[in-house]
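Next comes target16.txt, with compact mmCIF, C-alpha atoms.
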```
# COMPACT_ATOMS: atom_id res chain seq x y z
CA GLY A 1 187.56 95.73 93.00
CA ASP A 2 188.00 97.55 96.34
CA ASN A 3 185.90 96.91 99.44
CA THR A 4 184.99 100.54 100.08
CA GLN A 5 181.39 100.80 101.36
CA GLN A 6 179.28 103.51 99.82
CA THR A 7 176.51 105.35 101.63
CA VAL A 8 173.37 105.72 99.51
CA PRO A 9 171.09 108.58 100.53
CA LEU A 10 167.46 107.50 101.13
CA ASP A 11 164.80 109.60 99.51
CA SER A 12 161.20 109.73 100.81
CA ALA A 13 159.97 107.06 98.35
CA MET A 14 162.59 104.55 99.51
CA ILE A 15 161.80 105.27 103.15
CA GLY A 16 158.13 104.63 102.41
CA GLN A 17 158.93 101.28 100.78
CA LEU A 18 160.99 100.22 103.81
CA LEU A 19 158.17 101.17 106.16
CA VAL A 20 155.72 99.10 104.10
CA LEU A 21 158.12 96.12 104.20
CA ALA A 22 158.52 96.45 107.97
CA SER A 23 154.78 96.66 108.42
CA LEU A 24 154.25 93.61 106.22
CA LEU A 25 156.75 91.56 108.26
CA ALA A 26 155.12 92.63 111.51
CA THR A 27 151.65 91.76 110.16
CA THR A 28 152.82 88.34 108.96
CA SER A 29 154.12 87.65 112.46
CA ALA A 30 150.79 88.71 113.99
CA PHE A 31 148.85 86.42 111.63
CA ALA A 32 151.09 83.51 112.62
CA SER A 33 150.45 84.14 116.31
CA SER A 34 146.67 84.39 115.85
CA PRO A 35 145.68 82.01 113.01
CA THR A 36 142.01 81.81 114.02
CA ASP A 37 141.37 85.54 113.85
CA PRO A 38 143.43 87.31 111.18
CA CYS A 39 141.48 90.53 111.78
CA VAL A 40 143.28 91.12 115.10
CA ALA A 41 146.14 92.62 113.06
CA SER A 42 145.65 95.52 110.69
CA PRO A 43 146.41 94.73 107.05
CA PRO A 44 149.63 96.32 105.76
CA PRO A 45 149.24 99.76 104.19
CA THR A 46 149.79 99.91 100.46
CA ALA A 47 149.43 103.66 100.02
CA PRO A 48 148.50 106.72 102.04
CA THR A 49 144.80 106.42 102.88
CA ALA A 50 142.05 108.64 104.17
CA PRO A 51 141.17 108.40 107.86
CA HIS A 52 139.38 105.16 108.65
CA LYS A 53 135.60 105.26 108.84
CA LYS A 54 133.94 102.81 111.19
CA THR A 55 132.17 100.24 109.06
CA ALA A 56 129.22 97.89 109.76
CA PHE A 57 128.02 94.81 107.91
CA ILE A 58 124.21 94.77 107.63
CA HIS A 59 122.51 91.41 107.01
CA VAL A 60 118.98 91.91 105.68
CA ASP A 61 116.57 89.03 106.35
CA ILE A 62 118.95 86.15 105.53
CA GLN A 63 116.43 83.66 106.88
CA LYS A 64 114.98 80.23 106.18
CA CYS A 65 111.65 81.74 105.13
CA PHE A 66 113.29 83.57 102.21
CA THR A 67 115.73 80.85 101.11
CA ASN A 68 115.29 77.43 99.50
CA GLY A 69 113.17 78.87 96.70
CA PRO A 70 112.41 77.29 93.29
CA PRO A 71 115.22 76.52 90.84
CA LYS A 72 116.54 79.32 88.67
CA GLY A 73 114.63 79.56 85.38
CA ILE A 74 111.21 78.78 86.85
CA ASP A 75 109.06 81.72 85.77
CA ASP A 76 106.19 81.32 88.21
CA ASP A 77 108.06 80.92 91.49
CA TYR A 78 105.00 80.66 93.68
CA ALA A 79 102.88 78.30 91.58
CA TYR A 80 105.92 76.03 91.11
CA CYS A 81 105.96 74.76 94.65
CA ASN A 82 103.64 76.41 97.12
CA PRO A 83 101.27 74.86 99.64
CA PRO A 84 97.79 74.20 98.22
CA ALA A 85 96.41 77.09 100.28
CA THR A 86 98.22 79.52 98.01
CA GLY A 87 97.25 77.81 94.77
CA GLY A 88 100.39 75.73 94.23
CA THR A 89 101.44 72.14 94.78
CA ASP A 90 103.58 70.50 97.40
CA HIS A 91 105.11 67.82 95.17
CA CYS A 92 108.68 69.09 95.25
CA THR A 93 111.42 70.28 97.59
CA ARG A 94 109.89 72.21 100.46
CA LEU A 95 110.07 75.98 100.10
CA GLY A 96 110.56 78.69 102.61
CA SER A 97 107.25 80.35 103.38
CA LEU A 98 108.17 83.18 100.98
CA GLY A 99 111.13 81.49 99.30
CA VAL A 100 113.26 83.42 96.79
CA ALA A 101 114.70 81.47 93.87
CA GLU A 102 118.38 80.64 94.52
CA GLY A 103 118.13 82.56 97.79
CA ALA A 104 120.37 80.22 99.75
CA THR A 105 123.25 80.72 97.30
CA ILE A 106 124.15 84.07 98.89
CA VAL A 107 125.10 82.47 102.21
CA PRO A 108 128.70 81.43 101.31
CA ALA A 109 129.41 84.87 99.83
CA VAL A 110 128.06 86.61 102.94
CA ASN A 111 130.22 84.36 105.14
CA ASP A 112 133.32 85.17 103.06
CA LEU A 113 132.65 88.90 103.24
CA ARG A 114 132.27 88.67 107.00
CA HIS A 115 135.90 87.50 107.21
CA SER A 116 137.25 90.33 105.06
CA CYS A 117 138.44 92.39 108.07
CA LEU A 118 136.35 95.33 106.85
CA PHE A 119 133.83 95.48 109.69
CA GLU A 120 133.76 96.56 113.31
CA GLY A 121 130.20 95.36 113.78
CA VAL A 122 127.55 93.06 112.30
CA PHE A 123 123.82 93.87 112.47
CA ARG A 124 121.30 91.23 111.37
CA SER A 125 117.63 91.91 110.67
CA GLN A 126 115.01 89.22 111.17
CA ASP A 127 111.54 89.41 109.64
CA TYR A 128 109.55 88.17 112.63
CA HIS A 129 105.80 88.29 112.11
CA PRO A 130 102.97 87.31 114.42
CA ALA A 131 100.12 85.31 112.95
CA ASP A 132 97.57 87.39 111.00
CA HIS A 133 100.10 90.13 110.23
CA ILE A 134 98.90 93.18 108.27
CA SER A 135 101.04 92.13 105.26
CA PHE A 136 99.47 88.67 104.97
CA ALA A 137 96.96 88.38 102.12
CA SER A 138 95.15 85.70 104.10
CA ARG A 139 94.23 88.31 106.73
CA HIS A 140 92.27 90.34 104.18
CA PHE A 141 91.28 87.87 101.46
CA GLY A 142 90.90 84.47 103.12
CA GLU A 143 92.95 81.28 103.06
CA THR A 144 93.25 81.09 99.25
CA PRO A 145 94.00 84.68 98.16
CA PHE A 146 96.03 83.71 95.07
CA SER A 147 94.06 80.68 93.91
CA PHE A 148 91.84 81.97 91.12
CA ALA A 149 92.66 83.00 87.56
CA ASP A 150 90.56 86.14 87.96
CA GLY A 151 91.47 86.89 91.56
CA PRO A 152 90.91 87.74 94.26
CA LEU A 153 94.58 88.81 93.93
CA PRO A 154 96.50 88.52 90.65
CA PHE A 155 99.98 87.91 92.12
CA VAL A 156 101.97 87.56 95.32
CA GLY A 157 103.07 91.01 96.47
CA TYR A 158 100.03 92.76 94.96
CA PRO A 159 99.84 96.26 96.53
CA ILE A 160 96.73 97.43 98.37
CA GLU A 161 96.34 100.91 99.85
CA LEU A 162 96.28 101.01 103.64
CA ALA A 163 95.67 103.96 105.96
CA CYS A 164 98.18 104.37 108.79
CA THR A 165 98.24 106.37 111.99
CA LYS A 166 100.98 108.93 112.68
CA ASN A 167 102.40 108.67 116.18
CA SER A 168 104.29 111.47 117.92
CA THR A 169 106.83 109.04 119.37
CA GLU A 170 108.02 108.20 115.83
CA GLU A 171 108.60 104.64 117.05
CA ILE A 172 107.51 101.83 114.76
CA LYS A 173 106.05 99.82 117.63
CA ASP A 174 103.39 102.50 118.10
CA VAL A 175 102.04 102.76 114.53
CA ALA A 176 99.03 100.93 113.02
CA CYS A 177 97.69 100.48 109.47
CA CYS A 178 94.31 99.28 108.27
CA LEU A 179 92.48 98.51 105.01
CA VAL A 180 89.69 101.09 105.30
CA ASP A 181 88.96 101.91 101.64
CA ALA A 182 87.32 98.92 99.97
CA ALA A 183 86.46 100.98 96.84
CA GLN A 184 90.03 101.96 95.93
CA PRO A 185 91.23 101.25 92.36
CA ALA A 186 93.57 98.50 93.55
CA CYS A 187 90.55 96.57 94.79
CA MET A 188 88.91 96.50 91.34
CA ILE A 189 90.64 93.74 89.39
CA GLY A 190 89.81 91.26 86.67
CA ALA A 191 88.13 91.77 83.30
CA ASN A 192 84.81 92.63 84.95
CA GLY A 193 86.23 94.94 87.62
CA THR A 194 85.60 92.52 90.45
CA THR A 195 85.80 94.07 93.91
CA VAL A 196 88.12 91.98 96.07
CA CYS A 197 88.47 94.11 99.21
CA THR A 198 86.46 94.14 102.39
CA GLN A 199 86.92 96.97 104.86
CA ASP A 200 88.90 95.87 107.90
CA THR A 201 87.03 96.52 111.15
CA ASP A 202 89.42 94.82 113.59
CA PRO A 203 88.58 96.34 117.01
CA GLU A 204 92.14 95.67 118.24
CA ASN A 205 93.65 97.71 115.39
CA PRO A 206 93.49 101.43 116.30
CA ALA A 207 93.89 102.51 112.65
CA CYS A 208 90.62 100.82 111.71
CA SER A 209 88.73 103.44 113.71
CA ALA A 210 91.15 106.39 113.73
CA CYS A 211 91.63 106.41 109.95
CA VAL A 212 87.98 106.36 108.91
CA GLY A 213 86.28 109.51 107.67
CA PRO A 214 87.36 112.75 105.93
CA ASP A 215 88.88 114.28 109.07
CA ALA A 216 91.18 111.37 109.87
CA ASN A 217 94.76 112.45 110.52
CA CYS A 218 96.36 109.46 108.83
CA THR A 219 98.74 108.74 105.99
CA LYS A 220 98.22 106.33 103.11
CA MET A 221 100.65 103.78 101.69
CA MET A 222 100.68 100.88 99.27
CA GLN A 223 101.30 97.60 101.09
CA GLY A 224 102.21 94.39 99.29
CA MET A 225 100.03 91.39 100.03
CA TRP A 226 102.18 88.30 100.70
CA THR A 227 101.80 84.68 101.64
CA ASP A 228 101.93 84.03 105.38
CA HIS A 229 105.69 84.11 105.99
CA CYS A 230 108.49 84.34 108.55
CA GLU A 231 106.11 83.69 111.44
CA GLN A 232 107.49 83.74 114.96
CA GLY A 233 106.49 80.12 115.42
CA GLY A 234 107.50 79.10 111.89
CA ASP A 235 110.54 79.32 109.61
CA SER A 236 111.77 82.76 110.69
CA GLY A 237 115.14 81.43 111.86
CA PHE A 238 118.38 82.42 110.14
CA ALA A 239 119.40 80.60 106.97
CA THR A 240 121.16 77.27 107.18
CA GLY A 241 124.94 77.69 107.09
CA LEU A 242 124.94 81.42 107.87
CA GLU A 243 127.83 82.24 110.22
CA VAL A 244 126.76 84.20 113.28
CA ASN A 245 128.50 85.49 116.40
CA ASP A 246 127.17 86.11 119.88
CA ASP A 247 128.06 89.80 119.62
CA ASP A 248 126.02 90.33 116.44
CA VAL A 249 123.15 92.78 116.95
CA ILE A 250 119.77 91.33 115.93
CA LEU A 251 116.87 93.62 115.01
CA GLN A 252 113.50 91.92 114.66
CA LYS A 253 111.10 93.73 112.33
CA GLY A 254 107.46 93.14 111.51
CA LYS A 255 106.67 92.22 115.12
CA ASN A 256 103.90 94.83 115.28
CA PRO A 257 100.83 93.01 113.88
CA HIS A 258 99.44 96.25 112.43
CA ALA A 259 102.53 97.65 110.65
CA ASP A 260 105.10 96.42 108.15
CA ALA A 261 108.69 97.43 107.49
CA TYR A 262 110.70 96.42 104.44
CA SER A 263 113.60 98.59 105.62
CA ILE A 264 115.51 97.89 108.82
CA PHE A 265 115.47 101.63 109.55
CA MET A 266 111.79 102.59 109.40
CA ASP A 267 108.24 101.62 108.49
CA ASN A 268 107.00 101.64 104.90
CA PRO A 269 105.47 105.17 105.06
CA ARG A 270 108.89 106.31 106.40
CA LEU A 271 107.35 108.08 109.39
CA HIS A 272 108.33 105.79 112.27
CA TYR A 273 111.76 104.42 113.12
CA THR A 274 113.42 101.28 114.41
CA PRO A 275 116.34 101.64 116.88
CA LEU A 276 118.97 100.91 114.20
CA ASN A 277 119.95 104.45 113.22
CA ASP A 278 120.38 105.52 116.85
CA MET A 279 122.48 102.42 117.56
CA LEU A 280 124.78 103.03 114.59
CA ARG A 281 125.21 106.72 115.41
CA GLU A 282 125.94 106.06 119.07
CA GLU A 283 128.69 103.60 118.11
CA GLY A 284 130.17 105.88 115.47
CA PHE A 285 129.45 103.89 112.31
CA GLU A 286 129.67 105.84 109.06
CA VAL A 287 129.93 103.18 106.34
CA LEU A 288 127.44 100.34 105.74
CA TYR A 289 127.85 97.21 103.62
CA ILE A 290 124.41 95.72 103.00
CA ALA A 291 123.65 92.17 101.84
CA GLY A 292 120.53 90.04 102.03
CA ILE A 293 117.17 89.02 100.60
CA ALA A 294 115.37 90.21 98.59
CA PHE A 295 117.21 92.87 96.64
CA ASP A 296 114.12 94.58 95.19
CA PHE A 297 112.33 94.92 98.52
CA CYS A 298 113.98 94.80 101.94
CA VAL A 299 117.58 95.26 100.73
CA TYR A 300 116.60 98.11 98.40
CA TRP A 301 114.49 99.94 100.98
CA THR A 302 117.19 99.55 103.64
CA ALA A 303 119.89 100.92 101.31
CA ILE A 304 117.78 103.90 100.22
CA ASP A 305 116.92 104.79 103.81
CA ALA A 306 120.59 104.49 104.82
CA ILE A 307 121.59 106.90 102.05
CA HIS A 308 118.90 109.39 103.08
CA LEU A 309 120.18 109.16 106.66
CA GLY A 310 123.67 110.13 105.52
CA TYR A 311 125.61 106.88 105.51
CA GLU A 312 128.14 105.78 102.91
CA VAL A 313 126.47 102.67 101.49
CA TYR A 314 127.64 99.62 99.52
CA VAL A 315 125.26 96.84 98.43
```
Please, can you express the file's structure as structure tokens?
Amino acid sequence: GDNTQQTVPLDSAMIGQLLVLASLLATTSAFASSPTDPCVASPPPTAPTAPHKKTAFIHVDIQKCFTNGPPKGIDDDYAYCNPPATGGTDHCTRLGSLGVAEGATIVPAVNDLRHSCLFEGVFRSQDYHPADHISFASRHFGETPFSFADGPLPFVGYPIELACTKNSTEEIKDVACCLVDAAQPACMIGANGTTVCTQDTDPENPACSACVGPDANCTKMMQGMWTDHCEQGGDSGFATGLEVNDDDVILQKGKNPHADAYSIFMDNPRLHYTPLNDMLREEGFEVLYIAGIAFDFCVYWTAIDAIHLGYEVYV
């Protein structure tokens, strides 16, 4: 019943709780003063944490050419709605040139993740091929490479062995690959062992001369054969609805007509590099969040290369 005030000693746990409350009030005030960019204020701490690692958000090929694919549940994606040149029909919603089923559905999730306050930088890759690119089946097998029941190619993405030069600069812009072995096992398909390959003799492709013969200092790799896709003058733009900023870093891959790169970090033989690793290292990034299309090719290869290069990776 008396009014005597008592002093309660504060232990370390109580002091920590008060500090969290003070931080939360300060953060709430910062959000209110900057409603359009909540990431200007650091989120309140909830527990002691390890030192912050600079984190980047990597967008892999979130483009029109890979989105707007066939509805989920359609088994034969490419025959469902492809141009007649690739053996399909055009009597349905227009596809991207190498559309992935339900591909566009990742865009809202990617936009939401962008606003999570996790990232100090966003890097976006863009598959950006010239006409007659080395990965186009039409370059090697004509305008209808997937049209026949027995060939010439049994499915989109069918791998053919190419021979590739090794350049001392280790830069992807300087490498070249060529189909030089027309008698390889991958070229013998169908019940009767039909040969579908013709040796490439393109005089503008240095690999077509440098990689011929037993003494050639070249490497070999399996390259998927695809429909003509993501062409520089076609549907290679970024997907409809994808949020972008002017300070995003864009890395265009597949620009070299004689080399392909599923990964944003290096070419498919993993001998020649894009500028991405150097850019990330120079800016101090240690953690990468990777999202994009398609998971089993460009996203997968990018993630594996990032791990081998020493990054902490989340997909």
Checklist line | Atom-to-atom span, CA of Met266 (chain A) and CA of Asp181 (chain A), Å | finding: 24.1 Å
Item checked: CA of Val299 (chain A) to CA of Gly241 (chain A), straight-line distance in Å -> 20.1 Å
Next item on the list: Compile the contact shell of Thr195 (chain A) as a list in words: residues with an atom at most 9 Å away, counting all atoms listed in the file, same-chain residues fewer than 6 positions apart removed.
Entry: Pro152, Ala182, Ala183, Ala186, Cys187, Met188 and Ile189 of chain A
Next item on the list: Rank A:Ala176, A:Val196, A:Cys230, A:Val100 by their smallest atom-to-atom distance to Ala131 (chain A), using all atoms listed in the file, and report the top residue only.
Entry: A:Cys230
Notebook entry, point to check: CA of Asn256 (chain A) and CA of Thr55 (chain A), how far apart in Å?
Noted result: 29.4 Å
Next item on the list: Select, from A:Ala163, A:Leu153, A:Ile172, A:Leu276, the residue with the minimum atom-to-atom distance to Lys255 (chain A), counting only C-alpha atoms.
Entry: A:Ile172
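The shell of residues at most 10 Å from Thr219 (chain A), with only C-alpha atoms counted and near chain neighbours (fewer than 4 positions) removed, consists of Leu162, Ala163, Cys164, Thr165, Lys166, Cys177, Cys211, Pro269 and Leu271 of chain A.
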Selection above as a file: C-alpha atoms, as a compact mmCIF listing (two decimals), keeping the file's coordinate frame:
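Final output, saved to part_29.txt:
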```
# COMPACT_ATOMS: atom_id res chain seq x y z
CA LEU A 162 96.28 101.01 103.64
CA ALA A 163 95.67 103.96 105.96
CA CYS A 164 98.18 104.37 108.79
CA THR A 165 98.24 106.37 111.99
CA LYS A 166 100.98 108.93 112.68
CA CYS A 177 97.69 100.48 109.47
CA CYS A 211 91.63 106.41 109.95
CA PRO A 269 105.47 105.17 105.06
CA LEU A 271 107.35 108.08 109.39
```
